[in-house]
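Visitor: model31.pdb is reproduced below (PDB, C-alpha atoms).
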```
ATOM      1  CA  MET A 468     -54.461   2.466   1.029
ATOM      2  CA  PRO A 469     -57.542   1.727  -1.061
ATOM      3  CA  SER A 470     -60.265  -0.311   0.582
ATOM      4  CA  LYS A 471     -60.486  -3.927  -0.492
ATOM      5  CA  ASP A 472     -64.315  -3.563  -0.720
ATOM      6  CA  LEU A 473     -64.133  -0.958  -3.490
ATOM      7  CA  PRO A 474     -63.984  -2.089  -7.107
ATOM      8  CA  ASP A 475     -60.997  -1.185  -9.243
ATOM      9  CA  ASP A 476     -62.924   1.641 -10.976
ATOM     10  CA  HIS A 477     -63.392   3.413  -7.632
ATOM     11  CA  ASP A 478     -59.708   3.136  -6.604
ATOM     12  CA  PRO A 479     -58.721   6.748  -5.787
ATOM     13  CA  LEU A 480     -55.070   6.055  -6.734
ATOM     14  CA  ARG A 481     -55.916   4.619 -10.157
ATOM     15  CA  HIS A 482     -56.162   7.959 -11.976
ATOM     16  CA  ILE A 483     -53.160   9.651 -10.329
ATOM     17  CA  GLN A 484     -50.493  10.399 -12.936
ATOM     18  CA  PRO A 485     -46.966   9.177 -12.094
ATOM     19  CA  THR A 486     -44.483  11.866 -11.177
ATOM     20  CA  ASP A 487     -40.704  12.029 -11.282
ATOM     21  CA  SER A 488     -40.548  11.031  -7.640
ATOM     22  CA  ASP A 489     -41.854   7.611  -8.586
ATOM     23  CA  HIS A 490     -38.442   6.919 -10.148
ATOM     24  CA  LEU A 491     -36.624   7.651  -6.930
ATOM     25  CA  ASP A 492     -35.848   5.443  -4.012
ATOM     26  CA  TYR A 493     -35.503   7.255  -0.718
ATOM     27  CA  VAL A 494     -32.757   5.679   1.303
ATOM     28  CA  GLY A 495     -31.651   6.388   4.842
ATOM     29  CA  GLN A 496     -32.950   8.606   7.536
ATOM     30  CA  GLN A 497     -31.972  11.790   5.665
ATOM     31  CA  GLY A 498     -34.263  10.946   2.744
ATOM     32  CA  LEU A 499     -31.554  11.000   0.116
ATOM     33  CA  ALA A 500     -32.918  10.431  -3.386
ATOM     34  CA  VAL A 501     -30.979   7.836  -5.370
ATOM     35  CA  GLU A 502     -31.983   6.525  -8.760
ATOM     36  CA  GLN A 503     -32.899   2.883  -8.599
ATOM     37  CA  ASP A 504     -30.594   2.037 -11.474
ATOM     38  CA  THR A 505     -27.587   3.095  -9.434
ATOM     39  CA  LEU A 506     -28.461   0.593  -6.717
ATOM     40  CA  ILE A 507     -27.493  -2.294  -8.982
ATOM     41  CA  GLU A 508     -23.966  -3.254  -7.984
ATOM     42  CA  PRO A 509     -21.613  -4.461 -10.746
ATOM     43  CA  ASP A 510     -19.919  -7.793 -10.550
ATOM     44  CA  PRO A 511     -17.309  -7.459  -7.747
ATOM     45  CA  GLN A 512     -14.742  -9.465  -9.697
ATOM     46  CA  LYS A 513     -15.136  -7.283 -12.783
ATOM     47  CA  ARG A 514     -14.952  -4.138 -10.677
ATOM     48  CA  GLU A 515     -11.782  -5.353  -8.976
ATOM     49  CA  ALA A 516     -10.198  -6.301 -12.295
ATOM     50  CA  ALA A 517     -11.063  -2.891 -13.705
ATOM     51  CA  ARG A 518      -9.385  -1.151 -10.799
ATOM     52  CA  SER A 519      -6.327  -3.413 -10.731
ATOM     53  CA  LEU A 520      -2.984  -1.711 -11.288
ATOM     54  CA  TRP A 521      -1.710  -4.725 -13.196
ATOM     55  CA  GLY A 522      -4.808  -4.790 -15.398
ATOM     56  CA  HIS A 523      -4.323  -1.142 -16.337
ATOM     57  CA  ALA A 524      -0.622  -1.748 -16.909
ATOM     58  CA  TRP A 525      -1.223  -4.717 -19.221
ATOM     59  CA  ARG A 526      -3.770  -2.791 -21.293
ATOM     60  CA  ASP A 527      -1.328   0.094 -21.539
ATOM     61  CA  LEU A 528       1.614  -2.137 -22.480
ATOM     62  CA  ARG A 529      -0.250  -3.812 -25.329
ATOM     63  CA  GLY A 530      -0.582  -0.452 -27.051
ATOM     64  CA  ARG A 531       3.076   0.552 -26.737
ATOM     65  CA  PRO A 532       5.283  -0.188 -29.774
ATOM     66  CA  ILE A 533       8.403  -0.131 -27.581
ATOM     67  CA  PHE A 534       6.981  -2.982 -25.492
ATOM     68  CA  ILE A 535       5.984  -5.040 -28.517
ATOM     69  CA  VAL A 536       9.409  -4.658 -30.164
ATOM     70  CA  SER A 537      11.343  -5.432 -26.964
ATOM     71  CA  ALA A 538       9.115  -8.405 -26.129
ATOM     72  CA  LEU A 539       9.601  -9.899 -29.596
ATOM     73  CA  LEU A 540      13.373  -9.461 -29.322
ATOM     74  CA  ILE A 541      13.444 -11.098 -25.890
ATOM     75  CA  VAL A 542      11.339 -14.029 -27.096
ATOM     76  CA  LEU A 543      13.754 -14.476 -30.013
ATOM     77  CA  LEU A 544      16.758 -14.362 -27.668
ATOM     78  CA  LEU A 545      15.166 -16.876 -25.312
ATOM     79  CA  LEU A 546      14.561 -19.242 -28.221
ATOM     80  CA  MET A 547      18.208 -18.854 -29.222
ATOM     81  CA  ALA A 548      19.306 -19.655 -25.679
ATOM     82  CA  ILE A 549      17.017 -22.655 -25.184
ATOM     83  CA  TRP A 550      16.959 -24.179 -28.676
ATOM     84  CA  PRO A 551      19.956 -22.914 -30.675
ATOM     85  CA  GLY A 552      19.490 -25.788 -33.100
ATOM     86  CA  LEU A 553      16.442 -23.985 -34.488
ATOM     87  CA  PHE A 554      18.701 -21.283 -35.938
ATOM     88  CA  THR A 555      21.774 -23.182 -37.093
ATOM     89  CA  ASP A 556      23.061 -26.706 -37.545
ATOM     90  CA  ALA A 557      26.722 -25.645 -37.491
ATOM     91  CA  ASP A 558      29.033 -26.691 -34.671
ATOM     92  CA  PRO A 559      30.274 -23.580 -32.820
ATOM     93  CA  ARG A 560      33.411 -25.398 -31.632
ATOM     94  CA  GLN A 561      34.456 -26.913 -34.956
ATOM     95  CA  ALA A 562      37.658 -25.171 -36.097
ATOM     96  CA  ASP A 563      39.453 -25.340 -39.447
ATOM     97  CA  LEU A 564      42.483 -23.071 -39.441
ATOM     98  CA  GLN A 565      43.622 -24.209 -42.858
ATOM     99  CA  ASN A 566      40.451 -23.363 -44.779
ATOM    100  CA  ASP A 567      38.415 -21.020 -42.596
ATOM    101  CA  PHE A 568      40.950 -18.711 -40.924
ATOM    102  CA  LEU A 569      39.252 -15.272 -40.812
ATOM    103  CA  LYS A 570      37.203 -16.096 -43.887
ATOM    104  CA  LYS A 571      34.913 -13.183 -44.738
ATOM    105  CA  PRO A 572      31.116 -13.421 -44.415
ATOM    106  CA  ASP A 573      29.188 -15.106 -47.195
ATOM    107  CA  TRP A 574      25.960 -13.100 -47.380
ATOM    108  CA  THR A 575      24.348 -15.681 -49.662
ATOM    109  CA  ASP A 576      24.729 -18.443 -47.061
ATOM    110  CA  PHE A 577      21.621 -17.548 -45.063
ATOM    111  CA  PHE A 578      21.635 -19.128 -41.581
ATOM    112  CA  GLY A 579      24.628 -21.172 -42.661
ATOM    113  CA  ALA A 580      27.999 -21.590 -40.983
ATOM    114  CA  GLY A 581      29.660 -18.989 -43.189
ATOM    115  CA  TRP A 582      26.950 -16.323 -43.015
ATOM    116  CA  PHE A 583      28.899 -14.115 -40.560
ATOM    117  CA  GLY A 584      32.330 -15.424 -41.571
ATOM    118  CA  TYR A 585      34.875 -17.309 -39.442
ATOM    119  CA  ASP A 586      37.013 -16.231 -36.482
ATOM    120  CA  GLY A 587      40.752 -16.516 -35.833
ATOM    121  CA  GLN A 588      40.439 -20.213 -35.037
ATOM    122  CA  GLY A 589      38.340 -21.055 -38.078
ATOM    123  CA  ARG A 590      35.063 -21.320 -36.150
ATOM    124  CA  SER A 591      31.693 -20.131 -37.428
ATOM    125  CA  VAL A 592      30.946 -16.653 -36.063
ATOM    126  CA  TYR A 593      27.230 -17.066 -36.715
ATOM    127  CA  ALA A 594      27.059 -20.336 -34.793
ATOM    128  CA  ARG A 595      28.958 -18.825 -31.865
ATOM    129  CA  VAL A 596      26.657 -15.801 -31.803
ATOM    130  CA  ILE A 597      23.635 -18.115 -31.585
ATOM    131  CA  TYR A 598      25.101 -20.411 -28.937
ATOM    132  CA  GLY A 599      26.601 -17.503 -26.995
ATOM    133  CA  ALA A 600      23.125 -16.271 -26.081
ATOM    134  CA  ARG A 601      22.684 -19.183 -23.646
ATOM    135  CA  ALA A 602      25.491 -18.238 -21.256
ATOM    136  CA  SER A 603      24.815 -14.500 -21.294
ATOM    137  CA  ILE A 604      21.055 -14.748 -20.801
ATOM    138  CA  THR A 605      21.418 -17.488 -18.178
ATOM    139  CA  VAL A 606      23.733 -15.275 -16.140
ATOM    140  CA  GLY A 607      21.445 -12.272 -16.512
ATOM    141  CA  ILE A 608      18.242 -14.086 -15.526
ATOM    142  CA  CYS A 609      19.752 -16.067 -12.635
ATOM    143  CA  VAL A 610      21.488 -13.041 -11.131
ATOM    144  CA  THR A 611      18.303 -10.971 -11.460
ATOM    145  CA  LEU A 612      16.223 -13.640  -9.707
ATOM    146  CA  ALA A 613      18.796 -14.004  -6.930
ATOM    147  CA  VAL A 614      19.145 -10.290  -6.224
ATOM    148  CA  THR A 615      15.383  -9.741  -6.440
ATOM    149  CA  ILE A 616      14.673 -12.431  -3.851
ATOM    150  CA  THR A 617      17.564 -11.505  -1.559
ATOM    151  CA  GLY A 618      17.219  -7.753  -1.848
ATOM    152  CA  GLY A 619      13.426  -7.909  -1.759
ATOM    153  CA  LEU A 620      13.358  -9.869   1.496
ATOM    154  CA  ALA A 621      16.001  -7.679   3.126
ATOM    155  CA  GLY A 622      14.274  -4.478   2.075
ATOM    156  CA  MET A 623      10.837  -5.703   3.125
ATOM    157  CA  ILE A 624      12.060  -6.741   6.586
ATOM    158  CA  ALA A 625      13.889  -3.439   7.082
ATOM    159  CA  GLY A 626      10.976  -1.323   5.923
ATOM    160  CA  TYR A 627       8.268  -3.195   7.819
ATOM    161  CA  PHE A 628       9.889  -3.608  11.232
ATOM    162  CA  GLY A 629      11.893  -0.378  11.310
ATOM    163  CA  GLY A 630      13.827   0.550  14.440
ATOM    164  CA  TRP A 631      17.078  -1.265  15.110
ATOM    165  CA  THR A 632      16.254  -3.905  12.474
ATOM    166  CA  ASP A 633      16.066  -1.230   9.805
ATOM    167  CA  ALA A 634      19.248   0.395  11.105
ATOM    168  CA  VAL A 635      21.288  -2.821  10.998
ATOM    169  CA  ILE A 636      20.083  -3.892   7.549
ATOM    170  CA  SER A 637      20.544  -0.380   6.161
ATOM    171  CA  ARG A 638      24.153  -0.260   7.366
ATOM    172  CA  ILE A 639      24.840  -3.653   5.779
ATOM    173  CA  ILE A 640      23.326  -2.359   2.535
ATOM    174  CA  ASP A 641      25.545   0.722   2.700
ATOM    175  CA  ILE A 642      28.655  -1.437   3.154
ATOM    176  CA  PHE A 643      27.859  -3.613   0.128
ATOM    177  CA  PHE A 644      26.709  -0.608  -1.880
ATOM    178  CA  GLY A 645      30.122   0.982  -1.434
ATOM    179  CA  ILE A 646      31.852  -1.917  -3.232
ATOM    180  CA  PRO A 647      31.974  -1.407  -7.032
ATOM    181  CA  LEU A 648      30.234  -4.311  -8.731
ATOM    182  CA  LEU A 649      32.901  -5.129 -11.307
ATOM    183  CA  LEU A 650      35.819  -4.596  -8.937
ATOM    184  CA  GLY A 651      34.253  -6.782  -6.255
ATOM    185  CA  ALA A 652      33.379  -9.450  -8.810
ATOM    186  CA  LEU A 653      36.992  -9.483 -10.041
ATOM    187  CA  VAL A 654      38.208 -10.153  -6.515
ATOM    188  CA  LEU A 655      35.596 -12.826  -5.798
ATOM    189  CA  LEU A 656      36.093 -14.684  -9.085
ATOM    190  CA  ASN A 657      39.805 -14.950  -8.454
ATOM    191  CA  ALA A 658      38.921 -17.065  -5.427
ATOM    192  CA  PHE A 659      37.147 -19.671  -7.598
ATOM    193  CA  ALA A 660      39.243 -22.535  -8.921
ATOM    194  CA  VAL A 661      36.796 -23.026 -11.819
ATOM    195  CA  ARG A 662      35.107 -20.016 -13.364
ATOM    196  CA  ASN A 663      31.902 -20.995 -15.117
ATOM    197  CA  VAL A 664      28.362 -19.628 -15.423
ATOM    198  CA  TRP A 665      27.431 -20.406 -11.826
ATOM    199  CA  SER A 666      30.544 -18.861 -10.308
ATOM    200  CA  VAL A 667      29.805 -15.642 -12.210
ATOM    201  CA  VAL A 668      26.184 -15.762 -11.005
ATOM    202  CA  VAL A 669      27.305 -16.154  -7.367
ATOM    203  CA  ALA A 670      29.804 -13.283  -7.606
ATOM    204  CA  LEU A 671      27.375 -10.839  -9.222
ATOM    205  CA  ALA A 672      24.437 -11.822  -6.990
ATOM    206  CA  PHE A 673      26.540 -11.503  -3.837
ATOM    207  CA  LEU A 674      27.272  -7.853  -4.635
ATOM    208  CA  GLY A 675      24.250  -6.764  -6.672
ATOM    209  CA  TRP A 676      21.316  -7.131  -4.250
ATOM    210  CA  THR A 677      21.669  -3.739  -2.565
ATOM    211  CA  GLN A 678      19.846  -1.695  -5.206
ATOM    212  CA  LEU A 679      16.752  -3.905  -5.066
ATOM    213  CA  ALA A 680      16.854  -3.832  -1.256
ATOM    214  CA  ARG A 681      16.755  -0.046  -1.201
ATOM    215  CA  VAL A 682      13.892   0.089  -3.684
ATOM    216  CA  MET A 683      11.857  -2.474  -1.739
ATOM    217  CA  ARG A 684      12.535  -0.758   1.586
ATOM    218  CA  GLY A 685      11.296   2.594   0.293
ATOM    219  CA  SER A 686       8.197   1.018  -1.221
ATOM    220  CA  VAL A 687       7.344  -0.860   1.992
ATOM    221  CA  LEU A 688       7.826   2.281   4.117
ATOM    222  CA  THR A 689       5.171   3.989   2.015
ATOM    223  CA  ILE A 690       2.697   1.102   1.778
ATOM    224  CA  LYS A 691       2.730   0.106   5.450
ATOM    225  CA  GLN A 692       1.076   3.430   6.266
ATOM    226  CA  ALA A 693      -1.907   2.621   4.045
ATOM    227  CA  ASP A 694      -5.353   2.288   5.617
ATOM    228  CA  TYR A 695      -5.806  -1.353   4.673
ATOM    229  CA  VAL A 696      -2.554  -2.308   6.430
ATOM    230  CA  VAL A 697      -3.517  -0.351   9.556
ATOM    231  CA  ALA A 698      -6.958  -1.966   9.477
ATOM    232  CA  GLY A 699      -5.389  -5.405   9.120
ATOM    233  CA  LYS A 700      -3.247  -4.806  12.202
ATOM    234  CA  ALA A 701      -6.292  -3.621  14.140
ATOM    235  CA  LEU A 702      -8.195  -6.777  13.174
ATOM    236  CA  GLY A 703      -5.357  -8.957  14.446
ATOM    237  CA  ALA A 704      -3.762 -10.075  11.170
ATOM    238  CA  GLY A 705      -0.388 -11.730  11.687
ATOM    239  CA  THR A 706       2.913 -10.289  10.538
ATOM    240  CA  GLY A 707       3.390 -12.897   7.817
ATOM    241  CA  ARG A 708      -0.087 -12.332   6.416
ATOM    242  CA  LEU A 709       0.357  -8.558   6.336
ATOM    243  CA  MET A 710       3.796  -8.724   4.762
ATOM    244  CA  PHE A 711       3.217 -11.332   2.068
ATOM    245  CA  LYS A 712      -0.470 -10.908   1.254
ATOM    246  CA  HIS A 713      -1.058  -7.179   1.627
ATOM    247  CA  ILE A 714       2.268  -5.337   1.472
ATOM    248  CA  LEU A 715       4.351  -7.454  -0.929
ATOM    249  CA  PRO A 716       1.895  -7.486  -3.899
ATOM    250  CA  ASN A 717       1.561  -3.709  -3.726
ATOM    251  CA  ALA A 718       5.298  -3.089  -3.309
ATOM    252  CA  LEU A 719       6.419  -5.212  -6.273
ATOM    253  CA  ALA A 720       5.794  -2.709  -9.072
ATOM    254  CA  PRO A 721       8.940  -0.560  -8.636
ATOM    255  CA  VAL A 722      11.021  -3.656  -7.857
ATOM    256  CA  ILE A 723       9.988  -5.334 -11.110
ATOM    257  CA  VAL A 724      10.851  -2.211 -13.095
ATOM    258  CA  VAL A 725      14.323  -1.896 -11.554
ATOM    259  CA  ALA A 726      14.994  -5.642 -11.876
ATOM    260  CA  THR A 727      14.049  -5.657 -15.566
ATOM    261  CA  ILE A 728      16.398  -2.792 -16.361
ATOM    262  CA  ALA A 729      19.156  -4.253 -14.159
ATOM    263  CA  LEU A 730      18.999  -7.571 -16.038
ATOM    264  CA  GLY A 731      20.621  -5.948 -19.055
ATOM    265  CA  GLY A 732      23.282  -4.518 -16.778
ATOM    266  CA  TYR A 733      24.153  -7.961 -15.426
ATOM    267  CA  ILE A 734      24.523  -9.308 -18.949
ATOM    268  CA  THR A 735      26.915  -6.440 -19.663
ATOM    269  CA  ALA A 736      28.814  -7.166 -16.440
ATOM    270  CA  GLU A 737      29.257 -10.821 -17.438
ATOM    271  CA  ALA A 738      30.542  -9.808 -20.871
ATOM    272  CA  THR A 739      32.939  -7.306 -19.287
ATOM    273  CA  LEU A 740      34.326  -9.898 -16.870
ATOM    274  CA  SER A 741      34.728 -12.418 -19.689
ATOM    275  CA  PHE A 742      36.431  -9.776 -21.851
ATOM    276  CA  LEU A 743      38.927  -9.137 -19.056
ATOM    277  CA  GLY A 744      39.626 -12.863 -18.772
ATOM    278  CA  ILE A 745      38.167 -13.177 -15.264
ATOM    279  CA  GLY A 746      34.660 -14.334 -16.107
ATOM    280  CA  LEU A 747      33.690 -17.141 -18.450
ATOM    281  CA  GLN A 748      36.473 -18.860 -20.332
ATOM    282  CA  ASP A 749      36.842 -21.390 -23.121
ATOM    283  CA  PRO A 750      35.363 -23.870 -23.805
ATOM    284  CA  THR A 751      32.284 -21.915 -22.591
ATOM    285  CA  ILE A 752      30.731 -20.036 -25.500
ATOM    286  CA  SER A 753      29.988 -16.435 -24.565
ATOM    287  CA  TRP A 754      29.754 -13.122 -26.380
ATOM    288  CA  GLY A 755      32.270 -11.633 -23.962
ATOM    289  CA  VAL A 756      34.743 -14.432 -24.646
ATOM    290  CA  ASP A 757      34.372 -13.963 -28.409
ATOM    291  CA  ILE A 758      34.803 -10.188 -28.151
ATOM    292  CA  SER A 759      37.968 -10.712 -26.110
ATOM    293  CA  SER A 760      39.452 -13.153 -28.628
ATOM    294  CA  ALA A 761      38.450 -10.937 -31.592
ATOM    295  CA  GLN A 762      40.245  -7.784 -30.431
ATOM    296  CA  LYS A 763      43.504  -9.063 -31.953
ATOM    297  CA  PHE A 764      41.920  -9.096 -35.419
ATOM    298  CA  ILE A 765      39.934  -5.858 -35.253
ATOM    299  CA  ARG A 766      41.878  -4.274 -38.130
ATOM    300  CA  GLN A 767      42.246  -7.388 -40.233
ATOM    301  CA  ALA A 768      38.742  -8.778 -39.763
ATOM    302  CA  PRO A 769      36.426  -6.374 -37.885
ATOM    303  CA  PHE A 770      33.393  -8.585 -38.547
ATOM    304  CA  VAL A 771      34.693 -11.092 -35.977
ATOM    305  CA  LEU A 772      34.233  -8.421 -33.300
ATOM    306  CA  PHE A 773      31.176  -6.728 -34.753
ATOM    307  CA  PHE A 774      28.635  -9.555 -34.670
ATOM    308  CA  PRO A 775      29.013 -10.723 -31.027
ATOM    309  CA  ALA A 776      29.173  -7.075 -29.912
ATOM    310  CA  ALA A 777      26.001  -6.310 -31.880
ATOM    311  CA  ALA A 778      24.218  -9.302 -30.334
ATOM    312  CA  LEU A 779      25.240  -8.128 -26.861
ATOM    313  CA  SER A 780      24.075  -4.568 -27.529
ATOM    314  CA  ILE A 781      20.721  -5.673 -28.929
ATOM    315  CA  THR A 782      20.117  -7.940 -25.933
ATOM    316  CA  VAL A 783      20.884  -5.222 -23.386
ATOM    317  CA  LEU A 784      18.817  -2.697 -25.332
ATOM    318  CA  ALA A 785      15.827  -5.068 -25.444
ATOM    319  CA  PHE A 786      15.736  -5.489 -21.669
ATOM    320  CA  ILE A 787      16.221  -1.763 -21.058
ATOM    321  CA  MET A 788      13.380  -0.951 -23.458
ATOM    322  CA  LEU A 789      11.176  -3.511 -21.709
ATOM    323  CA  GLY A 790      11.977  -1.973 -18.325
ATOM    324  CA  ASP A 791      11.177   1.520 -19.589
ATOM    325  CA  ALA A 792       7.851   0.362 -21.002
ATOM    326  CA  VAL A 793       6.909  -1.410 -17.762
ATOM    327  CA  ARG A 794       7.921   1.643 -15.721
ATOM    328  CA  ASP A 795       5.730   3.940 -17.810
ATOM    329  CA  ALA A 796       2.795   1.539 -17.587
ATOM    330  CA  LEU A 797       3.020   1.103 -13.814
ATOM    331  CA  ASP A 798       3.489   4.802 -13.032
ATOM    332  CA  PRO A 799       0.082   6.586 -13.161
ATOM    333  CA  LYS A 800       1.806   9.973 -13.448
ATOM    334  CA  LEU A 801       3.344   8.981 -16.785
ATOM    335  CA  ARG A 802       0.143   7.788 -18.458
TER     336      ARG A 802
END
```
Render the structure in this file as structure tokens.

Guide:
Amino acid sequence: MPSKDLPDDHDPLRHIQPTDSDHLDYVGQQGLAVEQDTLIEPDPQKREAARSLWGHAWRDLRGRPIFIVSALLIVLLLLMAIWPGLFTDADPRQADLQNDFLKKPDWTDFFGAGWFGYDGQGRSVYARVIYGARASITVGICVTLAVTITGGLAGMIAGYFGGWTDAVISRIIDIFFGIPLLLGALVLLNAFAVRNVWSVVVALAFLGWTQLARVMRGSVLTIKQADYVVAGKALGAGTGRLMFKHILPNALAPVIVVATIALGGYITAEATLSFLGIGLQDPTISWGVDISSAQKFIRQAPFVLFFPAAALSITVLAFIMLGDAVRDALDPKLR
């Protein structure tokens, strides 16, 4: 230390040239040299967002054409289901057998009643395709939500507690998993006096939760061994806090992927049941109902069958494409 009595010109440290060690900060008892710039911590919120699985997935999804195309199709289908009046002003139940019996499509009548032609009862095929989206998408979304909640809770409880709880729930899952979905739904729907959208939702949800339960159980079995869960137990965190705040958010990724893909399958199941005459029935407007009624005219007027079948195929394809895109974005091995 220079003496306070000496003037600045006689300071022995004044003429010492700086060295590279002046840029280093020695930290700790071992004398580790760390550049001072590295000691500046970034914003914790920005660092956490940068490391977030969902943040990476969203940035990856925005650059995938398959996600953009499927998302646009799903938005269009949702608009058709919620506000069909935006796409047509024709009445899907208005029938005119005398003038419109199996009338061929009028390609110049854009978005009009005759654009896709008329069915065997003289009803507008285009209007029924638009209004049929409501029943099919409602069934698909409601069944998916029901099986995700039911199967997710069952799988999380089985995977977290293990032991006899896991054994009992797993055996129940095996029993339900052994029942074919369509066959079981046929039996259940025959027990309903009135078969509408909600009876189909109950039948499919009652039998379709097992797949999501297995996926959630496997995910929880892996995540509960993580260090942060073990540390939370050691610090005295309660079971509810560990399950719903730490385990559930990290176990949702595979469940969301499977649920998104399964949604298209439930729409197909509803159409199949309606085609067989066990699901939705008139006066409910559904693509499956229209396909069933159009099979009699497949040679005479194939367009009556083509358009509702095409709408059903596009809808299922959109949800499957969305599920594939989400799966690729959430799986680090596929990036």

Visitor: Name the residues in contact with region 767-782 of chain A at a cut-off of 9 Å, using all atoms listed in the file, excluding same-chain residues fewer than 3 positions from it; report them as a PyMOL selection string.

Guide: chain A and resi 540-541+544+569-572+583-587+592-593+595-597+599-600+603-604+731+734-735+738+753-755+757-764+785-787

Visitor: Which residues would end up in the selection if the PyMOL selection byres ((chain A and resi 557) around 9) were applied here, given that I need the answer as a PyMOL selection string?

Guide: chain A and resi 552+555-556+558-561+579-580+591+593-594

Visitor: Run the PyMOL selection byres ((chain A and resi 656) around 10) mentally over the shown coordinates, then write out the matched residues as a list in words, using the chain letters and numbers from the document.

Guide: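 Answer for the PyMOL selection byres ((chain A and resi 656) around 10): Gly651, Ala652, Leu653, Val654, Leu655, Asn657, Ala658, Phe659, Ala660, Val661, Arg662, Asn663, Ser666, Val667, Val669, Ala670, Leu671, Leu740, Ile745, Gly746 and Leu747 of chain A.
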
Visitor: Residues of the last selection are to be written out with C-alpha atoms, as a tab-separated table (two decimals), in the coordinates of the input.

Guide:
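Okay, this is what ended up in out.tsv:
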```tsv
chain	number	residue	atom	x	y	z
A	651	GLY	CA	34.25	-6.78	-6.26
A	652	ALA	CA	33.38	-9.45	-8.81
A	653	LEU	CA	36.99	-9.48	-10.04
A	654	VAL	CA	38.21	-10.15	-6.52
A	655	LEU	CA	35.60	-12.83	-5.80
A	657	ASN	CA	39.80	-14.95	-8.45
A	658	ALA	CA	38.92	-17.07	-5.43
A	659	PHE	CA	37.15	-19.67	-7.60
A	660	ALA	CA	39.24	-22.54	-8.92
A	661	VAL	CA	36.80	-23.03	-11.82
A	662	ARG	CA	35.11	-20.02	-13.36
A	663	ASN	CA	31.90	-21.00	-15.12
A	666	SER	CA	30.54	-18.86	-10.31
A	667	VAL	CA	29.80	-15.64	-12.21
A	669	VAL	CA	27.30	-16.15	-7.37
A	670	ALA	CA	29.80	-13.28	-7.61
A	671	LEU	CA	27.38	-10.84	-9.22
A	740	LEU	CA	34.33	-9.90	-16.87
A	745	ILE	CA	38.17	-13.18	-15.26
A	746	GLY	CA	34.66	-14.33	-16.11
A	747	LEU	CA	33.69	-17.14	-18.45
```

Visitor: Around (32.1, -5.4, -0.8), as given in the file, which residues come within 12 Å? Count all atoms listed in the file and list them as a VMD selection string.

Guide: chain A and resid 639 to 655 670 to 677

Visitor: Just to confirm, what's the straight-line distance from CA of Ile616 (chain A) to CA of Gly732 (chain A) in Å (one decimal)?

Guide: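 Pair CA of Ile616 (chain A) / CA of Gly732 (chain A) returns 17.4 Å.
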
Visitor: Report the residues retrieved by the PyMOL selection byres ((chain A and resi 705-719) around 7) from the displayed file, expressed as a list of chain:residue names.

Guide: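 So the PyMOL selection byres ((chain A and resi 705-719) around 7) ends up selecting A:Met683, A:Ser686, A:Val687, A:Ile690, A:Lys691, A:Val696, A:Gly703, A:Ala704, A:Ala720, A:Pro721, A:Val722, A:Ile723.
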
Visitor: Expressed in Å to a single decimal, how great is the separation between CA of Trp582 (chain A) and CA of Ile752 (chain A)?

Guide: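 CA of Ile752 (chain A) lies at a distance of 18.3 Å from CA of Trp582 (chain A).
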
Visitor: As an exercise, work out the distance from CA of Ala792 (chain A) to CA of Phe534 (chain A) in Å and give it to one decimal place.

Guide: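 Between CA of Ala792 (chain A) and CA of Phe534 (chain A) the gap works out to 5.7 Å.
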
Visitor: Which is closest to Val606 (chain A) among A:Ala621, A:Leu539, A:Leu553, A:Val668, if we use only C-alpha atoms?

Guide: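 Nearest to Val606 (chain A): A:Val668.
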
Visitor: For the point (15.9, -5.7, -5.8) in the file's frame, write as a compact mmCIF listing (two decimals) with C-alpha atoms, in the frame of the given file all residues with an atom no more than 6 Å away, counting only C-alpha atoms.

Guide:
```txt
# COMPACT_ATOMS: atom_id res chain seq x y z
CA VAL A 614 19.14 -10.29 -6.22
CA THR A 615 15.38 -9.74 -6.44
CA GLY A 618 17.22 -7.75 -1.85
CA GLY A 619 13.43 -7.91 -1.76
CA TRP A 676 21.32 -7.13 -4.25
CA GLN A 678 19.85 -1.70 -5.21
CA LEU A 679 16.75 -3.90 -5.07
CA ALA A 680 16.85 -3.83 -1.26
CA VAL A 722 11.02 -3.66 -7.86
```

Visitor: Which residues, written as a list in words, have at least one atom at most 12 Å from Thr632 (chain A), with all atoms listed in the file counted and residues fewer than 5 positions away on the same chain left out?

Guide: Ala621, Gly622, Met623, Ile624, Ala625, Gly626, Tyr627, Ser637, Arg638, Ile639 and Arg684 of chain A
